[in-house]
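Enquirer: This is the structure I want to talk about, given as structure tokens.
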Amino acid sequence: MRVLLIEDTPRLAEAVAEILRKSGYGADVAHIGADGLAMALTGAYDAVLLDIMLPDMSGMDVLRELREAGSVVPVILLTARQGVGDRVAGLDAGADDYLPKPFHASELLARIRAVTRRPATYRPNNAIEACGLVLDVAKLSVQVRGGAVAVELTPKEALLLEAFMGRSGSPVSKSDLAVRLWGPHVSLADNRVEVLVHALRGKLEKLESPARIETVRGVGYRLMNGQLAG
């Protein structure tokens, strides 16, 4: 399992990351909210540990943007604030749990185990929009914004398109896509990502969509709006 830690204090971040790695988790660290949000939106993580006090944007803003993008990744808020109101606000914003600082390693690990056992059902809006497309996650379908025709998707195709729409215009690596779709132990030796991208491209063509999936040489792919890109 992979855990993303978004924490601006380097010493604490490295200490927590070391605890996670010694416990068998893959651990990545982001020190600012914008970087953490971009990493979380790749869908490559099983849980996110999110500090509320960040230098560029608050953890609450990161959480709201993550949920508005349709991500269902479990989020545990980390904060030195002890007030009940802060906890309620975090849970109402879409957090799965709340852990006050300082905390014991054993409690942190127990809470990660707890939130990753829960089914990922939180999604404030089944519709995700980007690049002129509207993806209905619940119905597994996509259509052009304002269009009357929808194309059905397989669950894997929907996950793939969701990953692209969460970072529309920005490259998403093949490795991140593979982990999102098939788990952290997937091998990149085969061409499963390429095959799925080819199938999704075909369905977008059926819609006569302005959006297209571009290959980014040496990196992966990105979703672009053809009308805007010219």
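By convention here, the chains of the structure tokens are called A, B, ... in the order presented, each chain's residues are numbered starting at 1, and ligands are numbered starting at 1 in the order presented.
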Taking the DSSP secondary structure from the backbone, can you list the residues of range 39-83 of chain A that are strand (DSSP E or B), as a list in words?
Expert: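 Going through range 39-83 of chain A, the strand (DSSP E or B) residues come out as Ala47, Val48, Leu49, Leu50, Asp51, Val75, Ile76, Leu77, Leu78 and Thr79 of chain A.
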Enquirer: Now that the selection is made, can you save its residues with N, CA and C atoms as a CSV table (one decimal), in the first residue's frame?
Expert:
```
chain,number,residue,atom,x,y,z
A,47,ALA,N,-4.0,6.0,0.9
A,47,ALA,CA,-4.4,6.9,2.0
A,47,ALA,C,-3.6,8.1,1.9
A,48,VAL,N,-4.1,9.2,2.4
A,48,VAL,CA,-3.4,10.5,2.5
A,48,VAL,C,-3.4,11.0,3.9
A,49,LEU,N,-2.2,11.4,4.4
A,49,LEU,CA,-2.1,12.0,5.7
A,49,LEU,C,-1.9,13.5,5.4
A,50,LEU,N,-2.8,14.3,5.9
A,50,LEU,CA,-2.8,15.7,5.5
A,50,LEU,C,-2.7,16.7,6.7
A,51,ASP,N,-1.7,17.5,6.7
A,51,ASP,CA,-1.5,18.5,7.8
A,51,ASP,C,-2.4,19.7,7.4
A,75,VAL,N,-8.6,10.1,3.7
A,75,VAL,CA,-7.8,11.2,4.2
A,75,VAL,C,-7.9,11.3,5.7
A,76,ILE,N,-6.7,11.3,6.3
A,76,ILE,CA,-6.6,11.5,7.8
A,76,ILE,C,-6.0,12.9,8.0
A,77,LEU,N,-6.6,13.8,8.7
A,77,LEU,CA,-6.1,15.1,8.9
A,77,LEU,C,-5.2,15.0,10.1
A,78,LEU,N,-4.0,15.7,10.0
A,78,LEU,CA,-3.1,15.8,11.1
A,78,LEU,C,-3.0,17.3,11.5
A,79,THR,N,-3.1,17.6,12.8
A,79,THR,CA,-3.1,19.0,13.2
A,79,THR,C,-2.8,19.1,14.7
```
Enquirer: Could you name the residues that touch Ser23 in chain A at 12 Å or less, counting only C-alpha atoms, but leaving out those on the same chain fewer than 3 positions away, as a JSON list (two decimals) with C-alpha atoms, in the first residue's frame?
Expert:
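Everything below was put into around.json:
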```
[["chain", "number", "residue", "atom", "x", "y", "z"],
["A", 1, "MET", "CA", 0.00, 0.00, 0.00],
["A", 2, "ARG", "CA", 1.14, 3.55, -0.71],
["A", 3, "VAL", "CA", 0.55, 6.49, 1.62],
["A", 16, "VAL", "CA", 6.47, 9.77, 9.87],
["A", 17, "ALA", "CA", 7.63, 8.53, 6.47],
["A", 18, "GLU", "CA", 10.21, 6.32, 8.18],
["A", 19, "ILE", "CA", 7.53, 4.87, 10.47],
["A", 20, "LEU", "CA", 5.41, 4.05, 7.43],
["A", 26, "GLY", "CA", 5.29, 2.87, 0.45],
["A", 27, "ALA", "CA", 5.54, 6.52, 1.55],
["A", 105, "ALA", "CA", 3.13, 5.63, 15.83],
["A", 106, "SER", "CA", 0.89, 2.74, 16.86],
["A", 108, "LEU", "CA", -1.30, 6.40, 13.41],
["A", 109, "LEU", "CA", -0.87, 2.93, 11.91],
["A", 110, "ALA", "CA", -4.12, 1.72, 13.47],
["A", 112, "ILE", "CA", -4.52, 4.01, 8.53],
["A", 113, "ARG", "CA", -5.58, 0.37, 8.74]]
```
Enquirer: Neighbouring residues of Pro155 in chain A were defined as those with any atom within 10 Å, considering only C-alpha atoms; residues of the same chain fewer than 6 positions away were excluded. Please report them as a compact mmCIF listing (two decimals) with C-alpha atoms, in the first residue's frame.
Expert:
```
# COMPACT_ATOMS: atom_id res chain seq x y z
CA VAL A 137 -18.68 7.89 -12.42
CA ALA A 138 -21.76 6.11 -11.09
CA LYS A 139 -23.20 5.28 -14.53
CA LEU A 140 -19.80 4.58 -16.13
CA SER A 141 -20.49 6.87 -19.05
CA LEU A 161 -10.48 8.95 -17.74
CA LEU A 181 -5.61 0.84 -12.24
```
Enquirer: From the list A:Gly166, A:Gly220, A:Gly94, A:Pro210, which residue is nearest Met39 in chain A when using only C-alpha atoms?
Expert: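 For Met39 in chain A, the nearest of the given residues is A:Gly166.
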Enquirer: Would you list the contacts of Val216 in chain A as a list in words, taking every protein, DNA or RNA residue within 12 Å and counting only C-alpha atoms, but skipping same-chain residues closer than 6 positions in sequence?
Expert: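 Neighbouring residues, sequence-local ones excluded: Gly169, Ser170, Pro171, Val172, Ser173, Lys174, Arg222, Leu223 and Met224 of chain A.
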Enquirer: Take the residues from that selection and put them in a file with N, CA, C and O atoms, as an mmCIF file, in the first residue's frame.
Expert:
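Wrote it out as out-v9.cif, contents follow:
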```
data_model
loop_
_atom_site.group_PDB
_atom_site.id
_atom_site.type_symbol
_atom_site.label_atom_id
_atom_site.label_comp_id
_atom_site.auth_asym_id
_atom_site.auth_seq_id
_atom_site.Cartn_x
_atom_site.Cartn_y
_atom_site.Cartn_z
ATOM 1 N N GLY A 169 -4.696 18.653 -18.937
ATOM 2 C CA GLY A 169 -3.662 19.535 -19.445
ATOM 3 C C GLY A 169 -2.281 19.220 -18.918
ATOM 4 O O GLY A 169 -1.288 19.697 -19.468
ATOM 5 N N SER A 170 -2.196 18.407 -17.870
ATOM 6 C CA SER A 170 -0.905 18.050 -17.281
ATOM 7 C C SER A 170 -0.615 16.580 -17.549
ATOM 8 O O SER A 170 -1.521 15.746 -17.534
ATOM 9 N N PRO A 171 0.654 16.241 -17.757
ATOM 10 C CA PRO A 171 0.998 14.837 -18.023
ATOM 11 C C PRO A 171 0.764 13.950 -16.807
ATOM 12 O O PRO A 171 0.968 14.369 -15.673
ATOM 13 N N VAL A 172 0.335 12.729 -17.073
ATOM 14 C CA VAL A 172 0.209 11.694 -16.046
ATOM 15 C C VAL A 172 1.099 10.541 -16.485
ATOM 16 O O VAL A 172 0.992 10.071 -17.621
ATOM 17 N N SER A 173 1.994 10.110 -15.623
ATOM 18 C CA SER A 173 2.951 9.084 -16.010
ATOM 19 C C SER A 173 2.291 7.721 -16.162
ATOM 20 O O SER A 173 1.275 7.426 -15.526
ATOM 21 N N LYS A 174 2.897 6.879 -16.982
ATOM 22 C CA LYS A 174 2.397 5.518 -17.158
ATOM 23 C C LYS A 174 2.437 4.753 -15.842
ATOM 24 O O LYS A 174 1.542 3.959 -15.553
ATOM 25 N N ARG A 222 -1.566 12.907 -21.512
ATOM 26 C CA ARG A 222 -2.331 14.011 -20.932
ATOM 27 C C ARG A 222 -3.597 14.229 -21.743
ATOM 28 O O ARG A 222 -3.641 13.964 -22.946
ATOM 29 N N LEU A 223 -4.622 14.705 -21.056
ATOM 30 C CA LEU A 223 -5.899 15.013 -21.696
ATOM 31 C C LEU A 223 -5.922 16.483 -22.054
ATOM 32 O O LEU A 223 -5.695 17.350 -21.210
ATOM 33 N N MET A 224 -6.183 16.781 -23.324
ATOM 34 C CA MET A 224 -6.198 18.161 -23.802
ATOM 35 C C MET A 224 -7.513 18.441 -24.517
ATOM 36 O O MET A 224 -8.123 17.543 -25.097
#
```
Enquirer: Separation of CA of Lys22 in chain A and CA of Ala38 in chain A, in Å?
Expert: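 According to the coordinates, CA of Lys22 in chain A and CA of Ala38 in chain A are separated by 25.6 Å.
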Enquirer: Could you pull the residues within 8 Å of Leu37 in chain A, counting only C-alpha atoms, minus those fewer than 5 positions along the same chain, as number ranges by chain?
Expert: A: 62, 65-66
Enquirer: Quick check, in Å to one decimal: how far apart do CA of Arg64 in chain A and CA of Asp136 in chain A lie?
Expert: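 It comes out at 19.5 Å.
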Enquirer: Apply DSSP to the backbone of this structure and, from range 144-223 of chain A, keep only the residues in alpha helix (DSSP H); write these as number ranges by chain.
Expert: A: 155-166, 174-182, 192-206
Enquirer: Restricting it to N, CA, C and O atoms, dump the selection as a CSV table (one decimal), in the first residue's frame.
Expert:
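Below is the file out.csv, written as the result:
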```csv
chain,number,residue,atom,x,y,z
A,155,PRO,N,-15.3,-0.2,-16.1
A,155,PRO,CA,-14.7,0.4,-14.9
A,155,PRO,C,-13.3,0.9,-15.0
A,155,PRO,O,-13.0,2.0,-14.5
A,156,LYS,N,-12.4,0.2,-15.7
A,156,LYS,CA,-11.1,0.6,-15.9
A,156,LYS,C,-11.0,1.8,-16.8
A,156,LYS,O,-10.2,2.7,-16.5
A,157,GLU,N,-11.8,1.9,-17.8
A,157,GLU,CA,-11.8,3.1,-18.7
A,157,GLU,C,-12.2,4.3,-17.9
A,157,GLU,O,-11.7,5.4,-18.1
A,158,ALA,N,-13.2,4.1,-17.0
A,158,ALA,CA,-13.7,5.2,-16.2
A,158,ALA,C,-12.6,5.7,-15.3
A,158,ALA,O,-12.4,6.9,-15.1
A,159,LEU,N,-11.9,4.8,-14.6
A,159,LEU,CA,-10.8,5.2,-13.7
A,159,LEU,C,-9.7,5.9,-14.5
A,159,LEU,O,-9.1,6.9,-14.0
A,160,LEU,N,-9.4,5.4,-15.7
A,160,LEU,CA,-8.4,6.0,-16.5
A,160,LEU,C,-8.8,7.5,-16.9
A,160,LEU,O,-8.0,8.4,-16.7
A,161,LEU,N,-10.0,7.6,-17.4
A,161,LEU,CA,-10.5,9.0,-17.7
A,161,LEU,C,-10.5,9.9,-16.5
A,161,LEU,O,-10.2,11.1,-16.6
A,162,GLU,N,-11.0,9.3,-15.4
A,162,GLU,CA,-11.0,10.2,-14.2
A,162,GLU,C,-9.6,10.7,-13.8
A,162,GLU,O,-9.4,11.8,-13.4
A,163,ALA,N,-8.6,9.8,-14.0
A,163,ALA,CA,-7.2,10.2,-13.7
A,163,ALA,C,-6.8,11.4,-14.6
A,163,ALA,O,-6.2,12.4,-14.2
A,164,PHE,N,-7.1,11.3,-15.9
A,164,PHE,CA,-6.8,12.3,-16.9
A,164,PHE,C,-7.6,13.6,-16.5
A,164,PHE,O,-7.0,14.7,-16.6
A,165,MET,N,-8.8,13.5,-16.2
A,165,MET,CA,-9.6,14.7,-16.0
A,165,MET,C,-9.2,15.4,-14.7
A,165,MET,O,-9.3,16.6,-14.6
A,166,GLY,N,-8.7,14.6,-13.7
A,166,GLY,CA,-8.3,15.3,-12.5
A,166,GLY,C,-7.0,16.1,-12.7
A,166,GLY,O,-6.7,17.0,-11.9
A,174,LYS,N,2.9,6.9,-17.0
A,174,LYS,CA,2.4,5.5,-17.2
A,174,LYS,C,2.4,4.8,-15.8
A,174,LYS,O,1.5,4.0,-15.6
A,175,SER,N,3.5,5.0,-15.1
A,175,SER,CA,3.6,4.2,-13.8
A,175,SER,C,2.5,4.6,-12.8
A,175,SER,O,1.9,3.8,-12.2
A,176,ASP,N,2.1,5.9,-12.8
A,176,ASP,CA,1.0,6.4,-11.9
A,176,ASP,C,-0.3,5.8,-12.4
A,176,ASP,O,-1.1,5.3,-11.5
A,177,LEU,N,-0.5,5.7,-13.7
A,177,LEU,CA,-1.7,5.2,-14.2
A,177,LEU,C,-1.8,3.7,-13.9
A,177,LEU,O,-2.9,3.2,-13.5
A,178,ALA,N,-0.7,3.0,-14.1
A,178,ALA,CA,-0.7,1.5,-13.8
A,178,ALA,C,-1.0,1.2,-12.4
A,178,ALA,O,-1.8,0.3,-12.1
A,179,VAL,N,-0.4,2.0,-11.4
A,179,VAL,CA,-0.7,1.8,-10.0
A,179,VAL,C,-2.1,2.1,-9.7
A,179,VAL,O,-2.8,1.3,-8.9
A,180,ARG,N,-2.7,3.1,-10.3
A,180,ARG,CA,-4.1,3.5,-10.0
A,180,ARG,C,-5.0,2.4,-10.5
A,180,ARG,O,-6.0,2.1,-9.8
A,181,LEU,N,-4.7,1.8,-11.6
A,181,LEU,CA,-5.6,0.8,-12.2
A,181,LEU,C,-5.4,-0.6,-11.8
A,181,LEU,O,-6.4,-1.4,-11.7
A,182,TRP,N,-4.2,-1.0,-11.4
A,182,TRP,CA,-3.9,-2.4,-11.1
A,182,TRP,C,-3.2,-2.6,-9.8
A,182,TRP,O,-2.9,-3.7,-9.5
A,192,ARG,N,-0.5,-3.0,-20.9
A,192,ARG,CA,-1.9,-2.8,-20.5
A,192,ARG,C,-2.3,-1.4,-20.5
A,192,ARG,O,-3.5,-1.1,-20.8
A,193,VAL,N,-1.5,-0.5,-20.1
A,193,VAL,CA,-1.8,1.0,-20.1
A,193,VAL,C,-2.1,1.4,-21.5
A,193,VAL,O,-3.1,2.1,-21.8
A,194,GLU,N,-1.2,1.0,-22.4
A,194,GLU,CA,-1.3,1.5,-23.8
A,194,GLU,C,-2.6,0.9,-24.4
A,194,GLU,O,-3.3,1.7,-25.2
A,195,VAL,N,-2.9,-0.3,-24.1
A,195,VAL,CA,-4.1,-0.9,-24.7
A,195,VAL,C,-5.4,-0.2,-24.2
A,195,VAL,O,-6.3,0.1,-24.9
A,196,LEU,N,-5.4,0.1,-22.9
A,196,LEU,CA,-6.6,0.8,-22.3
A,196,LEU,C,-6.7,2.2,-22.8
A,196,LEU,O,-7.8,2.7,-23.1
A,197,VAL,N,-5.6,2.9,-23.0
A,197,VAL,CA,-5.6,4.3,-23.6
A,197,VAL,C,-6.1,4.2,-25.0
A,197,VAL,O,-6.9,5.1,-25.4
A,198,HIS,N,-5.7,3.2,-25.8
A,198,HIS,CA,-6.2,3.1,-27.1
A,198,HIS,C,-7.7,2.9,-27.2
A,198,HIS,O,-8.4,3.5,-28.0
A,199,ALA,N,-8.2,2.1,-26.3
A,199,ALA,CA,-9.7,1.8,-26.2
A,199,ALA,C,-10.4,3.1,-25.8
A,199,ALA,O,-11.5,3.4,-26.4
A,200,LEU,N,-9.9,3.8,-24.9
A,200,LEU,CA,-10.5,5.1,-24.4
A,200,LEU,C,-10.5,6.1,-25.6
A,200,LEU,O,-11.5,6.8,-25.8
A,201,ARG,N,-9.4,6.2,-26.3
A,201,ARG,CA,-9.3,7.1,-27.4
A,201,ARG,C,-10.5,6.8,-28.4
A,201,ARG,O,-11.1,7.7,-28.9
A,202,GLY,N,-10.7,5.5,-28.7
A,202,GLY,CA,-11.7,5.2,-29.6
A,202,GLY,C,-13.1,5.6,-29.2
A,202,GLY,O,-13.9,6.0,-30.0
A,203,LYS,N,-13.4,5.5,-27.9
A,203,LYS,CA,-14.7,5.9,-27.4
A,203,LYS,C,-14.9,7.4,-27.4
A,203,LYS,O,-16.0,7.9,-27.7
A,204,LEU,N,-13.8,8.2,-27.2
A,204,LEU,CA,-13.9,9.6,-27.3
A,204,LEU,C,-14.1,10.0,-28.8
A,204,LEU,O,-14.8,11.0,-29.0
A,205,GLU,N,-13.5,9.3,-29.7
A,205,GLU,CA,-13.7,9.6,-31.1
A,205,GLU,C,-15.2,9.4,-31.5
A,205,GLU,O,-15.7,10.1,-32.3
A,206,LYS,N,-15.8,8.3,-30.9
A,206,LYS,CA,-17.2,8.1,-31.2
A,206,LYS,C,-18.1,9.3,-30.8
A,206,LYS,O,-19.1,9.5,-31.4
```
Enquirer: What does the structure give for the distance between CA of Ile32 in chain A and CA of Ile6 in chain A, in Å to one decimal?
Expert: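 Going from CA of Ile32 in chain A over to CA of Ile6 in chain A covers 6.9 Å.
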Enquirer: Which of these, A:Asn191, A:Asp28, A:Ile52, A:Met57, has the shortest distance to Tyr98 in chain A once you count only C-alpha atoms?
Expert: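 With only C-alpha atoms as the atom set, the closest residue is A:Ile52.
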Enquirer: Counting only C-alpha atoms, figure out which residue out of A:Leu99, A:Val88, A:Ala114, A:Leu207 gets nearest to Ala148 in chain A.
Expert: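 Of A:Leu99, A:Val88, A:Ala114, A:Leu207, the one nearest Ala148 in chain A, counting only C-alpha atoms, is A:Leu207.
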